[in-house]
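Below is the file data04.txt, which contains compact mmCIF, N, CA and C atoms and all ligand atoms.
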```txt
# COMPACT_ATOMS: atom_id res chain seq x y z
N MET A 1 77.66 -68.30 -9.08
CA MET A 1 76.58 -69.24 -8.77
C MET A 1 75.51 -68.55 -7.93
N PRO A 2 74.23 -68.64 -8.34
CA PRO A 2 73.18 -67.97 -7.55
C PRO A 2 73.07 -68.58 -6.16
N LEU A 3 72.55 -67.79 -5.26
CA LEU A 3 72.36 -68.27 -3.88
C LEU A 3 71.27 -69.34 -3.85
N THR A 4 71.48 -70.37 -3.06
CA THR A 4 70.42 -71.36 -2.89
C THR A 4 69.39 -70.80 -1.91
N SER A 5 68.21 -71.44 -1.86
CA SER A 5 67.18 -70.87 -0.99
C SER A 5 67.57 -70.98 0.48
N SER A 6 68.34 -72.01 0.84
CA SER A 6 68.73 -72.10 2.25
C SER A 6 69.78 -71.04 2.58
N GLU A 7 70.63 -70.72 1.61
CA GLU A 7 71.58 -69.63 1.83
C GLU A 7 70.85 -68.30 1.98
N ARG A 8 69.85 -68.13 1.13
CA ARG A 8 69.06 -66.90 1.24
C ARG A 8 68.37 -66.79 2.59
N ASN A 9 67.87 -67.94 3.08
CA ASN A 9 67.23 -67.94 4.39
C ASN A 9 68.21 -67.57 5.50
N GLU A 10 69.40 -68.14 5.40
CA GLU A 10 70.43 -67.83 6.39
C GLU A 10 70.75 -66.34 6.38
N LEU A 11 70.91 -65.80 5.18
CA LEU A 11 71.26 -64.38 5.06
C LEU A 11 70.11 -63.49 5.53
N ARG A 12 68.89 -63.93 5.25
CA ARG A 12 67.74 -63.15 5.72
C ARG A 12 67.74 -63.10 7.25
N LYS A 13 67.99 -64.26 7.86
CA LYS A 13 68.03 -64.30 9.33
C LYS A 13 69.12 -63.39 9.86
N ALA A 14 70.29 -63.46 9.21
CA ALA A 14 71.40 -62.62 9.64
C ALA A 14 71.04 -61.14 9.52
N LEU A 15 70.38 -60.78 8.41
CA LEU A 15 70.00 -59.39 8.20
C LEU A 15 68.93 -58.95 9.19
N GLU A 16 67.97 -59.83 9.45
CA GLU A 16 66.92 -59.46 10.39
C GLU A 16 67.47 -59.24 11.78
N SER A 17 68.42 -60.10 12.19
CA SER A 17 68.95 -59.89 13.54
C SER A 17 69.87 -58.67 13.57
N LEU A 18 70.52 -58.38 12.44
CA LEU A 18 71.34 -57.17 12.37
C LEU A 18 70.47 -55.92 12.52
N VAL A 19 69.34 -55.91 11.81
CA VAL A 19 68.41 -54.77 11.90
C VAL A 19 67.93 -54.60 13.34
N GLU A 20 67.57 -55.72 13.95
CA GLU A 20 67.07 -55.69 15.33
C GLU A 20 68.14 -55.13 16.28
N GLU A 21 69.32 -55.67 16.11
CA GLU A 21 70.46 -55.28 16.95
C GLU A 21 70.77 -53.78 16.82
N LEU A 22 70.81 -53.32 15.57
CA LEU A 22 71.13 -51.91 15.32
C LEU A 22 70.01 -51.01 15.81
N ASP A 23 68.77 -51.44 15.59
CA ASP A 23 67.63 -50.68 16.09
C ASP A 23 67.73 -50.48 17.58
N ALA A 24 68.03 -51.57 18.29
CA ALA A 24 68.13 -51.52 19.74
C ALA A 24 69.31 -50.65 20.17
N ALA A 25 70.42 -50.81 19.48
CA ALA A 25 71.61 -50.03 19.83
C ALA A 25 71.35 -48.54 19.63
N LEU A 26 70.68 -48.20 18.53
CA LEU A 26 70.42 -46.79 18.24
C LEU A 26 69.40 -46.22 19.21
N ALA A 27 68.42 -47.00 19.58
CA ALA A 27 67.43 -46.54 20.55
C ALA A 27 68.09 -46.33 21.91
N GLY A 28 69.01 -47.22 22.27
CA GLY A 28 69.64 -47.14 23.57
C GLY A 28 70.70 -46.07 23.68
N SER A 29 71.25 -45.62 22.54
CA SER A 29 72.34 -44.66 22.63
C SER A 29 71.87 -43.22 22.46
N THR A 30 70.55 -43.02 22.39
CA THR A 30 70.04 -41.65 22.23
C THR A 30 70.52 -40.75 23.36
N GLU A 31 70.46 -41.28 24.56
CA GLU A 31 70.80 -40.49 25.73
C GLU A 31 72.27 -40.04 25.73
N SER A 32 73.16 -40.98 25.42
CA SER A 32 74.57 -40.65 25.46
C SER A 32 74.97 -39.72 24.32
N ALA A 33 74.07 -39.54 23.34
CA ALA A 33 74.39 -38.67 22.22
C ALA A 33 73.91 -37.24 22.45
N GLN A 34 73.51 -36.92 23.66
CA GLN A 34 73.15 -35.54 24.00
C GLN A 34 74.37 -34.64 23.83
N PRO A 35 74.14 -33.37 23.48
CA PRO A 35 75.28 -32.47 23.30
C PRO A 35 76.10 -32.35 24.59
N VAL A 36 77.39 -32.19 24.42
CA VAL A 36 78.28 -32.05 25.58
C VAL A 36 78.02 -30.70 26.25
N GLU A 37 77.91 -30.75 27.55
CA GLU A 37 77.79 -29.51 28.33
C GLU A 37 79.14 -28.81 28.30
N LEU A 38 79.20 -27.64 27.69
CA LEU A 38 80.52 -27.04 27.43
C LEU A 38 80.98 -26.11 28.54
N ASP A 39 80.09 -25.82 29.47
CA ASP A 39 80.44 -24.72 30.35
C ASP A 39 80.50 -24.99 31.85
N PRO A 40 80.61 -26.23 32.28
CA PRO A 40 80.69 -26.39 33.73
C PRO A 40 82.07 -25.97 34.23
N PRO A 41 82.15 -24.96 35.10
CA PRO A 41 83.45 -24.43 35.50
C PRO A 41 84.34 -25.49 36.17
N ALA A 42 83.72 -26.49 36.76
CA ALA A 42 84.50 -27.51 37.45
C ALA A 42 85.29 -28.40 36.48
N VAL A 43 84.84 -28.41 35.24
CA VAL A 43 85.49 -29.29 34.27
C VAL A 43 86.69 -28.57 33.66
N GLY A 44 87.83 -29.17 33.75
CA GLY A 44 89.04 -28.56 33.20
C GLY A 44 89.04 -28.60 31.70
N ARG A 45 89.96 -27.86 31.11
CA ARG A 45 90.03 -27.76 29.66
C ARG A 45 90.29 -29.13 29.02
N VAL A 46 91.21 -29.86 29.61
CA VAL A 46 91.59 -31.14 29.01
C VAL A 46 90.42 -32.12 28.99
N SER A 47 89.72 -32.20 30.13
CA SER A 47 88.63 -33.16 30.15
C SER A 47 87.48 -32.70 29.27
N ARG A 48 87.40 -31.37 29.07
CA ARG A 48 86.38 -30.87 28.16
C ARG A 48 86.71 -31.33 26.74
N ILE A 49 87.97 -31.23 26.39
CA ILE A 49 88.39 -31.70 25.06
C ILE A 49 88.13 -33.21 24.94
N ASP A 50 88.44 -33.91 26.01
CA ASP A 50 88.16 -35.35 26.02
C ASP A 50 86.69 -35.62 25.79
N ALA A 51 85.86 -34.85 26.46
CA ALA A 51 84.42 -35.05 26.35
C ALA A 51 83.96 -34.80 24.92
N ILE A 52 84.52 -33.75 24.30
CA ILE A 52 84.14 -33.42 22.92
C ILE A 52 84.63 -34.52 21.98
N GLN A 53 85.85 -34.96 22.23
CA GLN A 53 86.42 -36.05 21.44
C GLN A 53 85.55 -37.29 21.51
N GLN A 54 85.15 -37.59 22.73
CA GLN A 54 84.34 -38.78 22.97
C GLN A 54 82.98 -38.64 22.29
N GLN A 55 82.45 -37.42 22.40
CA GLN A 55 81.17 -37.12 21.76
C GLN A 55 81.26 -37.38 20.25
N LYS A 56 82.36 -36.92 19.67
CA LYS A 56 82.55 -37.10 18.23
C LYS A 56 82.61 -38.57 17.87
N MET A 57 83.29 -39.33 18.72
CA MET A 57 83.40 -40.77 18.46
C MET A 57 82.04 -41.44 18.55
N ILE A 58 81.26 -41.02 19.56
CA ILE A 58 79.92 -41.59 19.72
C ILE A 58 79.07 -41.26 18.50
N GLU A 59 79.18 -40.01 18.05
CA GLU A 59 78.39 -39.60 16.89
C GLU A 59 78.80 -40.35 15.63
N ALA A 60 80.10 -40.51 15.45
CA ALA A 60 80.60 -41.23 14.27
C ALA A 60 80.12 -42.67 14.30
N HIS A 61 80.17 -43.25 15.50
CA HIS A 61 79.73 -44.62 15.68
C HIS A 61 78.24 -44.75 15.35
N ARG A 62 77.48 -43.77 15.84
CA ARG A 62 76.04 -43.76 15.59
C ARG A 62 75.73 -43.63 14.10
N ARG A 63 76.47 -42.74 13.45
CA ARG A 63 76.24 -42.56 12.01
C ARG A 63 76.55 -43.85 11.26
N ALA A 64 77.63 -44.51 11.67
CA ALA A 64 77.99 -45.78 11.03
C ALA A 64 76.89 -46.81 11.25
N GLN A 65 76.35 -46.83 12.47
CA GLN A 65 75.28 -47.79 12.76
C GLN A 65 74.04 -47.47 11.94
N GLN A 66 73.75 -46.15 11.82
CA GLN A 66 72.56 -45.76 11.06
C GLN A 66 72.70 -46.14 9.60
N SER A 67 73.90 -45.93 9.03
CA SER A 67 74.01 -46.25 7.61
C SER A 67 74.02 -47.77 7.41
N ARG A 68 74.56 -48.49 8.39
CA ARG A 68 74.53 -49.94 8.29
C ARG A 68 73.09 -50.47 8.38
N LEU A 69 72.30 -49.80 9.22
CA LEU A 69 70.89 -50.16 9.35
C LEU A 69 70.16 -49.94 8.03
N GLN A 70 70.44 -48.82 7.40
CA GLN A 70 69.82 -48.53 6.10
C GLN A 70 70.21 -49.59 5.07
N LEU A 71 71.49 -49.93 5.07
CA LEU A 71 71.97 -50.95 4.14
C LEU A 71 71.27 -52.27 4.39
N ALA A 72 71.16 -52.64 5.66
CA ALA A 72 70.54 -53.92 6.00
C ALA A 72 69.08 -53.94 5.55
N ARG A 73 68.40 -52.79 5.71
CA ARG A 73 67.00 -52.72 5.29
C ARG A 73 66.89 -52.83 3.77
N SER A 74 67.79 -52.14 3.04
CA SER A 74 67.77 -52.26 1.58
C SER A 74 68.07 -53.68 1.15
N ALA A 75 69.01 -54.31 1.85
CA ALA A 75 69.37 -55.68 1.50
C ALA A 75 68.17 -56.61 1.69
N LEU A 76 67.42 -56.40 2.76
CA LEU A 76 66.22 -57.22 2.98
C LEU A 76 65.19 -56.99 1.87
N ARG A 77 65.07 -55.74 1.45
CA ARG A 77 64.13 -55.42 0.37
C ARG A 77 64.57 -56.12 -0.91
N ARG A 78 65.87 -56.07 -1.16
CA ARG A 78 66.38 -56.72 -2.37
C ARG A 78 66.23 -58.24 -2.29
N LEU A 79 66.28 -58.75 -1.09
CA LEU A 79 66.08 -60.18 -0.90
C LEU A 79 64.65 -60.54 -1.31
N ASP A 80 63.70 -59.67 -0.91
CA ASP A 80 62.30 -59.90 -1.29
C ASP A 80 62.11 -59.78 -2.79
N GLU A 81 62.86 -58.86 -3.39
CA GLU A 81 62.69 -58.61 -4.82
C GLU A 81 63.50 -59.57 -5.68
N GLY A 82 64.26 -60.45 -5.01
CA GLY A 82 65.04 -61.42 -5.76
C GLY A 82 66.30 -60.86 -6.37
N GLU A 83 66.70 -59.64 -5.91
CA GLU A 83 67.89 -59.02 -6.48
C GLU A 83 69.08 -59.10 -5.54
N PHE A 84 68.83 -59.68 -4.39
CA PHE A 84 69.88 -59.73 -3.38
C PHE A 84 71.07 -60.54 -3.88
N GLY A 85 72.26 -60.04 -3.57
CA GLY A 85 73.47 -60.78 -3.95
C GLY A 85 74.09 -60.27 -5.23
N ASP A 86 73.34 -59.40 -5.96
CA ASP A 86 73.91 -58.78 -7.15
C ASP A 86 74.39 -57.39 -6.80
N CYS A 87 75.57 -57.07 -7.26
CA CYS A 87 76.15 -55.76 -6.99
C CYS A 87 75.30 -54.67 -7.63
N MET A 88 75.01 -53.59 -6.87
CA MET A 88 74.23 -52.50 -7.42
C MET A 88 75.06 -51.65 -8.37
N GLY A 89 76.36 -51.83 -8.35
CA GLY A 89 77.22 -51.06 -9.23
C GLY A 89 77.37 -51.73 -10.58
N CYS A 90 77.93 -52.93 -10.58
CA CYS A 90 78.28 -53.57 -11.85
C CYS A 90 77.35 -54.74 -12.17
N GLY A 91 76.47 -55.13 -11.23
CA GLY A 91 75.53 -56.21 -11.51
C GLY A 91 76.11 -57.60 -11.33
N ASP A 92 77.39 -57.68 -11.08
CA ASP A 92 78.00 -58.99 -10.84
C ASP A 92 77.55 -59.54 -9.49
N GLU A 93 77.75 -60.83 -9.32
CA GLU A 93 77.42 -61.41 -8.02
C GLU A 93 78.42 -60.94 -6.96
N ILE A 94 77.90 -60.62 -5.79
CA ILE A 94 78.76 -60.28 -4.67
C ILE A 94 79.29 -61.59 -4.10
N GLY A 95 80.57 -61.65 -3.78
CA GLY A 95 81.17 -62.90 -3.30
C GLY A 95 80.45 -63.47 -2.08
N ARG A 96 80.34 -64.78 -2.08
CA ARG A 96 79.67 -65.48 -0.98
C ARG A 96 80.27 -65.15 0.38
N ALA A 97 81.61 -65.15 0.43
CA ALA A 97 82.29 -64.88 1.70
C ALA A 97 81.98 -63.47 2.19
N ARG A 98 81.91 -62.55 1.23
CA ARG A 98 81.59 -61.17 1.58
C ARG A 98 80.18 -61.06 2.13
N LEU A 99 79.25 -61.75 1.53
CA LEU A 99 77.87 -61.71 2.01
C LEU A 99 77.75 -62.34 3.40
N GLU A 100 78.55 -63.38 3.62
CA GLU A 100 78.49 -64.00 4.94
C GLU A 100 79.05 -63.08 6.01
N ALA A 101 80.13 -62.37 5.65
CA ALA A 101 80.75 -61.46 6.62
C ALA A 101 79.90 -60.20 6.81
N ARG A 102 79.39 -59.65 5.69
CA ARG A 102 78.59 -58.42 5.73
C ARG A 102 77.36 -58.63 4.87
N PRO A 103 76.33 -59.27 5.43
CA PRO A 103 75.14 -59.56 4.60
C PRO A 103 74.46 -58.31 4.06
N GLU A 104 74.78 -57.15 4.65
CA GLU A 104 74.14 -55.92 4.19
C GLU A 104 74.84 -55.32 2.98
N SER A 105 75.88 -55.98 2.48
CA SER A 105 76.62 -55.45 1.34
C SER A 105 75.72 -55.31 0.12
N LEU A 106 75.76 -54.13 -0.51
CA LEU A 106 74.99 -53.93 -1.73
C LEU A 106 75.91 -53.87 -2.95
N TYR A 107 77.21 -53.81 -2.68
CA TYR A 107 78.18 -53.71 -3.76
C TYR A 107 79.23 -54.80 -3.63
N CYS A 108 79.77 -55.22 -4.75
CA CYS A 108 80.87 -56.17 -4.71
C CYS A 108 82.10 -55.45 -4.15
N ILE A 109 83.10 -56.20 -3.80
CA ILE A 109 84.26 -55.60 -3.15
C ILE A 109 84.92 -54.55 -4.05
N GLY A 110 84.95 -54.81 -5.34
CA GLY A 110 85.58 -53.88 -6.29
C GLY A 110 84.86 -52.55 -6.31
N CYS A 111 83.52 -52.60 -6.43
CA CYS A 111 82.74 -51.36 -6.49
C CYS A 111 82.75 -50.64 -5.16
N GLN A 112 82.70 -51.40 -4.07
CA GLN A 112 82.73 -50.79 -2.75
C GLN A 112 84.03 -50.02 -2.53
N THR A 113 85.13 -50.65 -2.91
CA THR A 113 86.43 -50.01 -2.76
C THR A 113 86.48 -48.73 -3.59
N ALA A 114 85.95 -48.81 -4.81
CA ALA A 114 85.95 -47.65 -5.68
C ALA A 114 85.10 -46.52 -5.08
N ARG A 115 83.97 -46.89 -4.46
CA ARG A 115 83.08 -45.88 -3.88
C ARG A 115 83.70 -45.23 -2.65
N GLU A 116 84.47 -45.99 -1.90
CA GLU A 116 85.05 -45.44 -0.67
C GLU A 116 86.28 -44.60 -0.92
N ARG A 117 86.82 -44.73 -2.12
CA ARG A 117 88.00 -43.93 -2.45
C ARG A 117 87.58 -42.47 -2.54
N PRO A 118 88.32 -41.58 -1.90
CA PRO A 118 87.91 -40.18 -1.92
C PRO A 118 88.03 -39.53 -3.31
ZN ZN B 201 80.35 -54.36 -8.47
```
I'd like the structure from this file rewritten - as structure tokens, please.
Amino acid sequence: MPLTSSERNELRKALESLVEELDAALAGSTESAQPVELDPPAVGRVSRIDAIQQQKMIEAHRRAQQSRLQLARSALRRLDEGEFGDCMGCGDEIGRARLEARPESLYCIGCQTARERP
């Protein structure tokens, strides 16, 4: 069943606030994503490893946020083009529940799972 215009409005709002939120998060985390200082003699080996580990987690988190931001922007574009809600893989409708949970979804659950498989 195609999305109704009020559903589309709801999803647009959700996507717009997601974009805003991610934009702000990415702008605010620039500082913490600075390279780890590897050579302060006062820092022990273990805490240095911790710092690197933490750095990696921050970077992974940032990358995830960046790709989610890109998805949300594409989803908004597709909303404008009237293609929103159709899977980019198979063209089927993306499930309503999935769109509500992740409005930035561009693929149906089947295609997404297939794409994430290594
Ligand atoms: Zn699909």
For this session: In Å, rounded to a single decimal, give me how far atom N of Arg68 (chain A) is from atom C of Ala27 (chain A).
Result: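 Calculated distance between atom C of Ala27 (chain A) and atom N of Arg68 (chain A) is 15.1 Å.
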Exercise. Neighbours of ligand ZN 201 (chain B) within 6 Å, counting all atoms listed in the file, as an NGL selection string?
Worked result: :A and (87-92 or 107-112)
Suppose we keep N, CA and C atoms; can you now write the selection as a PDB file, keeping the file's coordinate frame?
```
ATOM      1  N   CYS A  87      75.570 -57.070  -7.260  1.00  0.00           N
ATOM      2  CA  CYS A  87      76.150 -55.760  -6.990  1.00  0.00           C
ATOM      3  C   CYS A  87      75.300 -54.670  -7.630  1.00  0.00           C
ATOM      4  N   MET A  88      75.010 -53.590  -6.870  1.00  0.00           N
ATOM      5  CA  MET A  88      74.230 -52.500  -7.420  1.00  0.00           C
ATOM      6  C   MET A  88      75.060 -51.650  -8.370  1.00  0.00           C
ATOM      7  N   GLY A  89      76.360 -51.830  -8.350  1.00  0.00           N
ATOM      8  CA  GLY A  89      77.220 -51.060  -9.230  1.00  0.00           C
ATOM      9  C   GLY A  89      77.370 -51.730 -10.580  1.00  0.00           C
ATOM     10  N   CYS A  90      77.930 -52.930 -10.580  1.00  0.00           N
ATOM     11  CA  CYS A  90      78.280 -53.570 -11.850  1.00  0.00           C
ATOM     12  C   CYS A  90      77.350 -54.740 -12.170  1.00  0.00           C
ATOM     13  N   GLY A  91      76.470 -55.130 -11.230  1.00  0.00           N
ATOM     14  CA  GLY A  91      75.530 -56.210 -11.510  1.00  0.00           C
ATOM     15  C   GLY A  91      76.110 -57.600 -11.330  1.00  0.00           C
ATOM     16  N   ASP A  92      77.390 -57.680 -11.080  1.00  0.00           N
ATOM     17  CA  ASP A  92      78.000 -58.990 -10.840  1.00  0.00           C
ATOM     18  C   ASP A  92      77.550 -59.540  -9.490  1.00  0.00           C
ATOM     19  N   TYR A 107      77.210 -53.810  -2.680  1.00  0.00           N
ATOM     20  CA  TYR A 107      78.180 -53.710  -3.760  1.00  0.00           C
ATOM     21  C   TYR A 107      79.230 -54.800  -3.630  1.00  0.00           C
ATOM     22  N   CYS A 108      79.770 -55.220  -4.750  1.00  0.00           N
ATOM     23  CA  CYS A 108      80.870 -56.170  -4.710  1.00  0.00           C
ATOM     24  C   CYS A 108      82.100 -55.450  -4.150  1.00  0.00           C
ATOM     25  N   ILE A 109      83.100 -56.200  -3.800  1.00  0.00           N
ATOM     26  CA  ILE A 109      84.260 -55.600  -3.150  1.00  0.00           C
ATOM     27  C   ILE A 109      84.920 -54.550  -4.050  1.00  0.00           C
ATOM     28  N   GLY A 110      84.950 -54.810  -5.340  1.00  0.00           N
ATOM     29  CA  GLY A 110      85.580 -53.880  -6.290  1.00  0.00           C
ATOM     30  C   GLY A 110      84.860 -52.550  -6.310  1.00  0.00           C
ATOM     31  N   CYS A 111      83.520 -52.600  -6.430  1.00  0.00           N
ATOM     32  CA  CYS A 111      82.740 -51.360  -6.490  1.00  0.00           C
ATOM     33  C   CYS A 111      82.750 -50.640  -5.160  1.00  0.00           C
ATOM     34  N   GLN A 112      82.700 -51.400  -4.070  1.00  0.00           N
ATOM     35  CA  GLN A 112      82.730 -50.790  -2.750  1.00  0.00           C
ATOM     36  C   GLN A 112      84.030 -50.020  -2.530  1.00  0.00           C
TER      37      GLN A 112
END
```
Problem set entry | Residue neighbourhood Ala14 (chain A), 12 Å, only C-alpha atoms, exclusion window fewer than 2 positions, as number ranges by chain | A: 7-12, 16-21, 72-73, 75-76, 99-104
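Candidate residues A:Asp50, A:Glu59, A:Glu93, A:Asp23 were compared for distance to Met1 (chain A), and the nearest is A:Glu93, using all atoms listed in the file.
Across the model, the gap from CA of Glu116 (chain A) to CA of Phe84 (chain A) is 21.0 Å.
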